[in-house]
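Q: I'd like to ask you about the structure that follows.
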There are 2 protein chains.
Amino acid sequence: MLHTYKYPRPALTVDCVVFGFDGGDLQVLLIRRALEPFKNRWALPGGFVHLDETLDEAARRELEEETGLREVFLEQLHTFGAVDRDPRERVVSVAYFALVKPSAATAATDAAEADWFPVASAAPLAFDHAEILATALERLRDKLRREPVGFELLPPKFTLSQLQRLYEAVLGTALDKRNFRKKVLGYDLLVALKETHREGAHRPAQLFRFDPAKYRRLKKKGFLFEL
Amino acid sequence: MLHTYKYPRPALTVDCVVFGFDGGDLQVLLIRRALEPFKNRWALPGGFVHLDETLDEAARRELEEETGLREVFLEQLHTFGAVDRDPRERVVSVAYFALVKPSAATAATDAAEADWFPVASAAPLAFDHAEILATALERLRDKLRREPVGFELLPPKFTLSQLQRLYEAVLGTALDKRNFRKKVLGYDLLVALKETHREGAHRPAQLFRFDPAKYRRLKKKGFLFEL
DNA sequence: GAATAAGGTGTAAAATGGACACTATGTCAA
DNA sequence: TTGACATAGTGTCCATTTTACACCTTATTC
């Protein structure tokens, strides 16, 4: 069945930049293209927007179809509309960026032709996906410093060292351990658990969890997280 | 001539939230719709994206066609894709936000069925334009505090009082005069001119201009404007 | 039980942010 | 001419925040 319009229209797609963190590097989830153009190249998961779904819904649907990921942190990033970004025809793409926890992350690769790459070594990508990735990275850095969103990249229970390593990996700077802990705990958004995390031949670390309800309450009062 | 595709496609438009400042209130530029739906309602200037232009180009073109404005500060805001945001058919709109200087602002209303409204009293708007406006306002407040962008809403030569009034109008808070001046001048981004601005029965005010080159240099060194 | 490896803690100095009130300089009208 | 008026312009002190910095703790392993 064909669809006819009075004026020509660009095709509309969504693409998702999915970030993960393995404890060392910040990673992106890419899928290997099965078809031309850019056959066998790595690309961001994404696809066409259906008429009966919002953009957010389209992004979530494509993400699940192509990577099996569900219920991730997802947010609209920017819309890319260079005239020749797709060699076949005019395609405008609404890019999203997503953050996934390590548990979900491993599930993603079990399915599909998907794999994780350290963001630093994720080239070459199909289409203008390198540009989209760069934009997403910029946004992630910004967001991480202004909103308590890092927890979306960590397990539900995590140590302060893990959190600090995440910040250091994303921001690309070394942080002072005492100052970091003082500041993070000062916001009173982390709950110390009665468990510790033991790993390696050294003292075990206190586990914490993030308290989203507390954050929502604080945010309503015009509070600003900043790191 | 008709255009046919294998799968249905949403129509793609751009809409512009154009902000201006008259010295008192923050204003938005709206146009009166000549056609159904929402005939005679006020709406954001915008229109369909052509196949041979980028999204930015489409936004600038529509802005000029509908309001006569050229060479304004323009930036992509967010893409709105609720399924029923247009009663006729599926339309996805890439929203932009623009800042215009008072000189350009007066020109805009000479043309077209366009007029300025204080942002507080801009309802009711066509489509989901109230939501788009709210999103733009939020973004403007954010941007104003983190980047020296307020100058885009002022004449090339302005006084510190004008700048302060702008910040107060947009942020909705009163600011301390001495602290404001200390901070703004401390960034060393304003150049004091050899002119003054006289108006009313009182002491004339020093005129300044913004130095964009200096700002670019500072920004490269990882400097953050914050107010 | 000694070596190892990461976890966890406090203080002092510097920089920043916020509160606060008076003088300066022009216009205008009596 | 002079005094009332209206906005321009200026500095200090205190509280808070930020930064720099080093050692002891607690587990494991051999």
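By convention here, the chains of the structure tokens are called A, B, ... in the order presented, each chain's residues are numbered starting at 1, and ligands are numbered starting at 1 in the order presented.
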Residues within 12 Å of segment 13-16 of chain D, please, as a list of chain:residue names. Count only C-alpha atoms (C1' of nucleotides); anything in the same chain fewer than 4 positions from it doesn't count.

A: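 Returned residues: C:DA15, C:DT16, C:DG17, C:DG18, C:DA19, C:DC20.
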
Q: Determine, for each residue of chain D having at least one atom at most 9 Å from an atom of chain B, the closest pair of atoms and their separation in Å to one decimal, counting only C-alpha atoms (C1' of nucleotides); order by chain and ascending number, as JSON lines.

A:
```
{"residue": "D:DC5", "atom": "C1'", "partner": "B:Ala201", "partner_atom": "CA", "distance": 7.6}
{"residue": "D:DA6", "atom": "C1'", "partner": "B:His202", "partner_atom": "CA", "distance": 5.3}
{"residue": "D:DT7", "atom": "C1'", "partner": "B:His202", "partner_atom": "CA", "distance": 5.6}
{"residue": "D:DA8", "atom": "C1'", "partner": "B:Ala205", "partner_atom": "CA", "distance": 5.9}
{"residue": "D:DG9", "atom": "C1'", "partner": "B:Arg178", "partner_atom": "CA", "distance": 8.7}
{"residue": "D:DT10", "atom": "C1'", "partner": "B:Arg178", "partner_atom": "CA", "distance": 7.7}
```

Q: At a cut-off of 10 Å, list the chain C residues touching chain A, using only C-alpha atoms (C1' of nucleotides), as a PyMOL selection string.

A: chain C and resi 4-10

Q: Quick one: which chain A residues come within 6 Å of chain B, and what is the nearest atom pair for each with the distance in Å to one decimal, counting only C-alpha atoms, rows ordered by chain and ascending number, as CSV?

A:
```
residue,atom,partner,partner_atom,distance
A:Leu2,CA,B:Lys6,CA,5.0
A:His3,CA,B:Tyr5,CA,5.2
A:Thr4,CA,B:Thr4,CA,4.2
A:Tyr5,CA,B:His3,CA,5.2
A:Lys6,CA,B:Leu2,CA,5.0
A:Pro8,CA,B:His3,CA,5.5
A:Thr54,CA,B:Ala82,CA,5.2
A:Leu55,CA,B:Gly81,CA,5.6
A:Gly81,CA,B:Thr54,CA,5.4
A:Ala82,CA,B:Thr54,CA,5.2
A:Val83,CA,B:Thr54,CA,5.6
```

Q: Deliver the residues from the most recent selection as a file, using C-alpha atoms, as a compact mmCIF listing (two decimals), in the first residue's frame.

A:
```txt
# COMPACT_ATOMS: atom_id res chain seq x y z
CA LEU A 2 1.33 3.38 -0.97
CA HIS A 3 0.98 6.74 0.72
CA THR A 4 0.62 9.91 -1.23
CA TYR A 5 1.07 13.52 -0.21
CA LYS A 6 0.74 16.86 -1.94
CA PRO A 8 7.37 15.81 -0.58
CA THR A 54 5.15 9.63 19.85
CA LEU A 55 8.85 10.20 19.30
CA GLY A 81 18.54 17.33 9.61
CA ALA A 82 21.51 17.83 7.30
CA VAL A 83 20.22 17.44 3.76
```

Q: Quick one: chain A onto chain B, least squares on all Cα paired in order, result as a tab-separated table (two decimals) with C-alpha atoms, in the first residue's frame?

A:
```tsv
chain	number	residue	atom	x	y	z
A	1	MET	CA	2.47	16.75	-8.51
A	2	LEU	CA	2.07	14.07	-5.91
A	3	HIS	CA	4.65	12.27	-3.82
A	4	THR	CA	4.31	8.65	-2.94
A	5	TYR	CA	6.02	6.56	-0.30
A	6	LYS	CA	5.90	2.94	0.76
A	7	TYR	CA	5.11	3.81	4.37
A	8	PRO	CA	3.13	6.72	5.75
A	9	ARG	CA	5.12	9.71	6.99
A	10	PRO	CA	4.37	12.49	9.40
A	11	ALA	CA	4.57	16.01	8.05
A	12	LEU	CA	7.60	17.85	9.38
A	13	THR	CA	7.51	21.49	10.40
A	14	VAL	CA	9.61	24.00	12.28
A	15	ASP	CA	8.26	26.50	14.80
A	16	CYS	CA	10.14	29.42	16.26
A	17	VAL	CA	9.78	30.91	19.70
A	18	VAL	CA	11.10	34.41	19.21
A	19	PHE	CA	11.93	36.35	22.36
A	20	GLY	CA	12.37	40.08	22.63
A	21	PHE	CA	12.81	42.54	25.46
A	22	ASP	CA	11.33	46.02	25.55
A	23	GLY	CA	13.04	47.13	28.75
A	24	GLY	CA	10.20	45.93	30.92
A	25	ASP	CA	8.75	42.55	30.02
A	26	LEU	CA	10.12	39.60	28.18
A	27	GLN	CA	8.08	39.31	24.99
A	28	VAL	CA	7.23	36.65	22.40
A	29	LEU	CA	6.54	37.25	18.77
A	30	LEU	CA	3.33	35.63	17.54
A	31	ILE	CA	1.49	35.60	14.25
A	32	ARG	CA	-2.21	35.51	13.72
A	33	ARG	CA	-3.32	32.45	11.79
A	34	ALA	CA	-5.17	33.24	8.59
A	35	LEU	CA	-6.38	29.69	8.00
A	36	GLU	CA	-8.09	26.82	9.77
A	37	PRO	CA	-7.44	25.11	12.05
A	38	PHE	CA	-7.18	27.67	14.82
A	39	LYS	CA	-8.09	30.44	12.38
A	40	ASN	CA	-7.44	33.88	13.92
A	41	ARG	CA	-5.65	32.36	16.88
A	42	TRP	CA	-2.15	33.52	17.70
A	43	ALA	CA	0.60	31.01	16.96
A	44	LEU	CA	4.35	30.63	16.74
A	45	PRO	CA	5.82	31.46	13.35
A	46	GLY	CA	6.76	28.30	11.47
A	47	GLY	CA	6.03	26.06	8.54
A	48	PHE	CA	6.97	23.00	6.58
A	49	VAL	CA	10.52	21.80	6.10
A	50	HIS	CA	11.60	21.62	2.48
A	51	LEU	CA	13.58	18.67	1.20
A	52	ASP	CA	16.55	20.72	0.12
A	53	GLU	CA	17.17	22.65	3.32
A	54	THR	CA	18.42	21.74	6.77
A	55	LEU	CA	16.22	22.26	9.80
A	56	ASP	CA	18.10	25.41	10.76
A	57	GLU	CA	17.64	26.76	7.27
A	58	ALA	CA	13.94	25.97	7.36
A	59	ALA	CA	13.58	27.82	10.66
A	60	ARG	CA	15.38	30.89	9.32
A	61	ARG	CA	13.43	30.87	6.10
A	62	GLU	CA	10.05	30.63	7.82
A	63	LEU	CA	11.06	33.27	10.29
A	64	GLU	CA	11.92	35.68	7.52
A	65	GLU	CA	8.86	34.84	5.46
A	66	GLU	CA	6.44	35.31	8.30
A	67	THR	CA	8.04	38.07	10.33
A	68	GLY	CA	10.75	39.65	8.17
A	69	LEU	CA	13.40	38.84	10.80
A	70	ARG	CA	16.89	37.94	9.61
A	71	GLU	CA	20.19	37.20	11.25
A	72	VAL	CA	18.83	36.54	14.68
A	73	PHE	CA	20.28	34.31	17.36
A	74	LEU	CA	18.65	30.95	16.64
A	75	GLU	CA	19.04	27.58	18.28
A	76	GLN	CA	17.22	24.28	18.16
A	77	LEU	CA	15.05	23.71	21.22
A	78	HIS	CA	13.16	20.42	21.18
A	79	THR	CA	11.09	18.34	18.80
A	80	PHE	CA	7.41	17.95	19.57
A	81	GLY	CA	5.72	14.81	18.36
A	82	ALA	CA	2.49	14.19	20.25
A	83	VAL	CA	0.27	12.14	17.96
A	84	ASP	CA	-2.63	14.57	17.90
A	85	ARG	CA	-0.90	17.90	18.27
A	86	ASP	CA	-2.34	18.89	14.90
A	87	PRO	CA	-6.02	18.04	14.39
A	88	ARG	CA	-5.62	17.51	10.64
A	89	GLU	CA	-2.96	14.87	10.49
A	90	ARG	CA	0.26	13.75	12.10
A	91	VAL	CA	2.70	16.65	12.23
A	92	VAL	CA	6.03	16.57	14.00
A	93	SER	CA	7.54	19.95	14.71
A	94	VAL	CA	11.13	20.89	15.43
A	95	ALA	CA	10.96	23.91	17.69
A	96	TYR	CA	13.59	26.64	17.70
A	97	PHE	CA	14.15	29.51	19.98
A	98	ALA	CA	15.38	32.88	18.83
A	99	LEU	CA	16.55	36.08	20.48
A	100	VAL	CA	16.20	39.40	18.73
A	101	LYS	CA	17.47	42.87	19.47
A	102	PRO	CA	15.03	45.73	19.92
A	103	SER	CA	15.95	47.33	16.59
A	104	ALA	CA	15.01	44.19	14.67
A	105	ALA	CA	12.03	43.69	16.93
A	106	THR	CA	10.25	46.83	15.83
A	107	ALA	CA	10.85	45.95	12.18
A	108	ALA	CA	9.11	42.64	12.72
A	109	THR	CA	5.76	44.15	13.54
A	110	ASP	CA	5.79	46.53	10.60
A	111	ALA	CA	5.39	43.55	8.34
A	112	ALA	CA	2.84	40.82	8.50
A	113	GLU	CA	0.20	39.82	10.96
A	114	ALA	CA	2.77	39.60	13.68
A	115	ASP	CA	2.83	41.14	17.13
A	116	TRP	CA	4.67	41.04	20.40
A	117	PHE	CA	3.11	39.79	23.64
A	118	PRO	CA	4.48	39.69	27.14
A	119	VAL	CA	5.23	36.02	27.74
A	120	ALA	CA	3.03	36.01	30.81
A	121	SER	CA	-0.07	36.95	28.82
A	122	ALA	CA	0.41	35.14	25.55
A	123	ALA	CA	-2.46	32.68	25.79
A	124	PRO	CA	-4.40	31.15	24.17
A	125	LEU	CA	-2.19	29.80	21.45
A	126	ALA	CA	-2.88	27.44	18.56
A	127	PHE	CA	-1.88	23.77	18.61
A	128	ASP	CA	0.53	22.83	21.42
A	129	HIS	CA	2.30	26.16	21.12
A	130	ALA	CA	1.74	27.03	24.76
A	131	GLU	CA	3.74	23.96	25.71
A	132	ILE	CA	6.47	24.85	23.25
A	133	LEU	CA	6.60	28.36	24.66
A	134	ALA	CA	6.88	27.02	28.20
A	135	THR	CA	9.76	24.78	27.18
A	136	ALA	CA	11.48	27.67	25.47
A	137	LEU	CA	11.13	29.88	28.51
A	138	GLU	CA	12.67	27.25	30.72
A	139	ARG	CA	15.54	26.92	28.31
A	140	LEU	CA	16.03	30.66	28.08
A	141	ARG	CA	16.29	30.99	31.85
A	142	ASP	CA	18.81	28.20	31.94
A	143	LYS	CA	20.82	29.63	29.10
A	144	LEU	CA	20.84	33.13	30.45
A	145	ARG	CA	22.40	31.96	33.68
A	146	ARG	CA	25.07	29.85	32.06
A	147	GLU	CA	26.05	31.70	28.92
A	148	PRO	CA	26.42	35.37	28.12
A	149	VAL	CA	23.50	35.42	25.75
A	150	GLY	CA	21.45	38.23	27.23
A	151	PHE	CA	23.17	40.71	24.94
A	152	GLU	CA	21.22	39.22	22.06
A	153	LEU	CA	18.11	40.82	23.54
A	154	LEU	CA	19.64	44.27	24.02
A	155	PRO	CA	20.83	46.99	21.66
A	156	PRO	CA	24.51	46.81	20.70
A	157	LYS	CA	25.18	49.57	23.23
A	158	PHE	CA	23.48	49.14	26.57
A	159	THR	CA	23.75	50.16	30.18
A	160	LEU	CA	24.31	47.86	33.12
A	161	SER	CA	20.89	48.77	34.45
A	162	GLN	CA	19.27	47.62	31.23
A	163	LEU	CA	21.17	44.37	31.46
A	164	GLN	CA	20.13	43.89	35.05
A	165	ARG	CA	16.49	44.61	34.27
A	166	LEU	CA	16.66	41.98	31.54
A	167	TYR	CA	18.00	39.39	33.94
A	168	GLU	CA	15.40	40.29	36.51
A	169	ALA	CA	12.58	40.09	33.99
A	170	VAL	CA	13.64	36.72	32.64
A	171	LEU	CA	14.63	35.09	35.91
A	172	GLY	CA	11.80	36.65	37.84
A	173	THR	CA	13.97	37.65	40.78
A	174	ALA	CA	15.37	40.91	42.09
A	175	LEU	CA	19.15	41.18	41.96
A	176	ASP	CA	21.46	43.32	44.07
A	177	LYS	CA	22.84	46.15	41.97
A	178	ARG	CA	26.34	46.18	43.41
A	179	ASN	CA	26.76	42.42	43.32
A	180	PHE	CA	25.38	42.23	39.81
A	181	ARG	CA	27.78	44.83	38.47
A	182	LYS	CA	30.74	43.37	40.30
A	183	LYS	CA	30.07	39.97	38.83
A	184	VAL	CA	29.27	41.00	35.29
A	185	LEU	CA	32.24	43.33	35.02
A	186	GLY	CA	34.45	40.73	36.66
A	187	TYR	CA	34.14	38.53	33.60
A	188	ASP	CA	35.77	41.26	31.60
A	189	LEU	CA	33.48	40.63	28.66
A	190	LEU	CA	32.04	44.12	28.50
A	191	VAL	CA	33.81	47.10	26.99
A	192	ALA	CA	33.00	50.51	28.43
A	193	LEU	CA	32.30	52.97	25.64
A	194	LYS	CA	33.07	56.67	25.65
A	195	GLU	CA	29.38	57.39	25.45
A	196	THR	CA	26.61	57.70	27.94
A	197	HIS	CA	22.93	57.07	27.73
A	198	ARG	CA	20.77	59.94	28.93
A	199	GLU	CA	17.14	59.47	29.59
A	200	GLY	CA	14.91	61.11	32.15
A	201	ALA	CA	15.79	63.61	34.82
A	202	HIS	CA	18.77	61.90	36.32
A	203	ARG	CA	22.41	61.04	35.93
A	204	PRO	CA	23.27	59.50	32.51
A	205	ALA	CA	24.51	55.94	32.42
A	206	GLN	CA	27.73	54.51	31.04
A	207	LEU	CA	27.22	52.53	27.85
A	208	PHE	CA	28.88	49.15	27.27
A	209	ARG	CA	29.12	46.70	24.47
A	210	PHE	CA	29.66	42.94	24.63
A	211	ASP	CA	32.93	41.61	23.25
A	212	PRO	CA	32.14	38.30	21.53
A	213	ALA	CA	35.75	37.68	20.48
A	214	LYS	CA	36.91	37.87	24.07
A	215	TYR	CA	34.18	35.45	25.06
A	216	ARG	CA	35.19	32.93	22.41
A	217	ARG	CA	38.77	33.10	23.65
A	218	LEU	CA	37.74	32.55	27.24
A	219	LYS	CA	35.38	29.74	26.33
A	220	LYS	CA	38.12	27.85	24.59
A	221	LYS	CA	40.05	27.84	27.82
A	222	GLY	CA	37.18	26.05	29.51
A	223	PHE	CA	35.72	29.08	31.18
A	224	LEU	CA	32.15	29.05	32.46
A	225	PHE	CA	29.92	32.08	32.61
A	226	GLU	CA	27.47	31.82	35.44
A	227	LEU	CA	25.13	34.31	36.98
```

Q: In Å, rounded to a single decimal, give me how far atom C1' of DG11 of chain D is from atom C1' of DT25 of chain C.

A: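 Here the two named atoms are 19.6 Å from each other.
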
Q: Using DSSP assignments from the backbone, pull out every residue in segment 35-113 of chain A that falls under strand (DSSP E or B) and give it to me as a list in words.

A: Trp42, Ala43, Gly46, Gly47, Phe48, Phe73, Leu74, Glu75, Gln76, Leu77, His78, Thr79, Phe80, Val91, Val92, Ser93, Val94, Ala95, Tyr96, Phe97, Ala98 and Leu99 of chain A

Q: What gap, in Å, lies between atom C1' of DA3 of chain C and atom C1' of DA27 of chain D?

A: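 Distance reported for this atom pair: 12.8 Å.
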
Q: I need the residues of segment 24-64 of chain A that end up classed as helix (DSSP H, G or I) by DSSP on the backbone, written out as a ChimeraX atom specification.

A: /A:55-64

Q: Please produce a file of the residues just selected, as an mmCIF file, in the first residue's frame, where the atoms kept are all heavy atoms.

A:
```cif
data_model
loop_
_atom_site.group_PDB
_atom_site.id
_atom_site.type_symbol
_atom_site.label_atom_id
_atom_site.label_comp_id
_atom_site.auth_asym_id
_atom_site.auth_seq_id
_atom_site.Cartn_x
_atom_site.Cartn_y
_atom_site.Cartn_z
ATOM 1 N N LEU A 55 7.420 10.376 19.570
ATOM 2 C CA LEU A 55 8.846 10.198 19.301
ATOM 3 C C LEU A 55 9.485 9.363 20.400
ATOM 4 O O LEU A 55 10.287 8.459 20.130
ATOM 5 C CB LEU A 55 9.520 11.561 19.202
ATOM 6 C CG LEU A 55 8.942 12.468 18.104
ATOM 7 C CD1 LEU A 55 9.517 13.875 18.211
ATOM 8 C CD2 LEU A 55 9.220 11.892 16.727
ATOM 9 N N ASP A 56 9.129 9.657 21.651
ATOM 10 C CA ASP A 56 9.661 8.883 22.766
ATOM 11 C C ASP A 56 9.298 7.408 22.621
ATOM 12 O O ASP A 56 10.130 6.528 22.843
ATOM 13 C CB ASP A 56 9.090 9.401 24.092
ATOM 14 C CG ASP A 56 9.647 10.773 24.449
ATOM 15 O OD1 ASP A 56 10.101 11.482 23.532
ATOM 16 O OD2 ASP A 56 9.617 11.124 25.637
ATOM 17 N N GLU A 57 8.073 7.168 22.254
ATOM 18 C CA GLU A 57 7.641 5.776 22.077
ATOM 19 C C GLU A 57 8.427 5.104 20.957
ATOM 20 O O GLU A 57 8.847 3.943 21.093
ATOM 21 C CB GLU A 57 6.141 5.716 21.784
ATOM 22 C CG GLU A 57 5.275 5.964 23.024
ATOM 23 C CD GLU A 57 3.831 6.322 22.694
ATOM 24 O OE1 GLU A 57 3.477 6.350 21.487
ATOM 25 O OE2 GLU A 57 3.068 6.596 23.631
ATOM 26 N N ALA A 58 8.646 5.826 19.895
ATOM 27 C CA ALA A 58 9.404 5.263 18.778
ATOM 28 C C ALA A 58 10.817 4.904 19.240
ATOM 29 O O ALA A 58 11.332 3.823 18.926
ATOM 30 C CB ALA A 58 9.467 6.265 17.631
ATOM 31 N N ALA A 59 11.419 5.791 20.015
ATOM 32 C CA ALA A 59 12.785 5.533 20.477
ATOM 33 C C ALA A 59 12.818 4.288 21.358
ATOM 34 O O ALA A 59 13.672 3.410 21.193
ATOM 35 C CB ALA A 59 13.313 6.747 21.239
ATOM 36 N N ARG A 60 11.870 4.177 22.265
ATOM 37 C CA ARG A 60 11.832 3.001 23.146
ATOM 38 C C ARG A 60 11.562 1.722 22.370
ATOM 39 O O ARG A 60 12.152 0.682 22.631
ATOM 40 C CB ARG A 60 10.754 3.173 24.221
ATOM 41 C CG ARG A 60 11.169 4.128 25.314
ATOM 42 C CD ARG A 60 10.197 4.165 26.476
ATOM 43 N NE ARG A 60 10.486 5.330 27.298
ATOM 44 C CZ ARG A 60 11.474 5.375 28.191
ATOM 45 N NH1 ARG A 60 12.238 4.326 28.395
ATOM 46 N NH2 ARG A 60 11.691 6.491 28.879
ATOM 47 N N ARG A 61 10.670 1.811 21.407
ATOM 48 C CA ARG A 61 10.347 0.626 20.621
ATOM 49 C C ARG A 61 11.574 0.149 19.843
ATOM 50 O O ARG A 61 11.951 -1.021 19.900
ATOM 51 C CB ARG A 61 9.201 0.926 19.656
ATOM 52 C CG ARG A 61 8.853 -0.254 18.738
ATOM 53 C CD ARG A 61 7.755 0.074 17.752
ATOM 54 N NE ARG A 61 7.999 1.298 16.999
ATOM 55 C CZ ARG A 61 8.898 1.427 16.029
ATOM 56 N NH1 ARG A 61 9.669 0.398 15.689
ATOM 57 N NH2 ARG A 61 9.051 2.578 15.397
ATOM 58 N N GLU A 62 12.215 1.072 19.148
ATOM 59 C CA GLU A 62 13.389 0.687 18.355
ATOM 60 C C GLU A 62 14.490 0.144 19.251
ATOM 61 O O GLU A 62 15.172 -0.824 18.894
ATOM 62 C CB GLU A 62 13.913 1.897 17.570
ATOM 63 C CG GLU A 62 13.040 2.287 16.384
ATOM 64 C CD GLU A 62 13.105 1.255 15.241
ATOM 65 O OE1 GLU A 62 13.988 0.386 15.266
ATOM 66 O OE2 GLU A 62 12.244 1.338 14.335
ATOM 67 N N LEU A 63 14.636 0.766 20.403
ATOM 68 C CA LEU A 63 15.674 0.323 21.318
ATOM 69 C C LEU A 63 15.409 -1.122 21.731
ATOM 70 O O LEU A 63 16.320 -1.959 21.735
ATOM 71 C CB LEU A 63 15.687 1.233 22.557
ATOM 72 C CG LEU A 63 16.980 1.246 23.336
ATOM 73 C CD1 LEU A 63 18.139 1.581 22.419
ATOM 74 C CD2 LEU A 63 16.894 2.272 24.459
ATOM 75 N N GLU A 64 14.180 -1.422 22.044
ATOM 76 C CA GLU A 64 13.880 -2.789 22.456
ATOM 77 C C GLU A 64 14.020 -3.760 21.289
ATOM 78 O O GLU A 64 14.618 -4.820 21.432
ATOM 79 C CB GLU A 64 12.472 -2.882 23.049
ATOM 80 C CG GLU A 64 12.188 -4.300 23.504
ATOM 81 C CD GLU A 64 10.969 -4.410 24.406
ATOM 82 O OE1 GLU A 64 10.282 -3.388 24.616
ATOM 83 O OE2 GLU A 64 10.717 -5.527 24.893
#
```
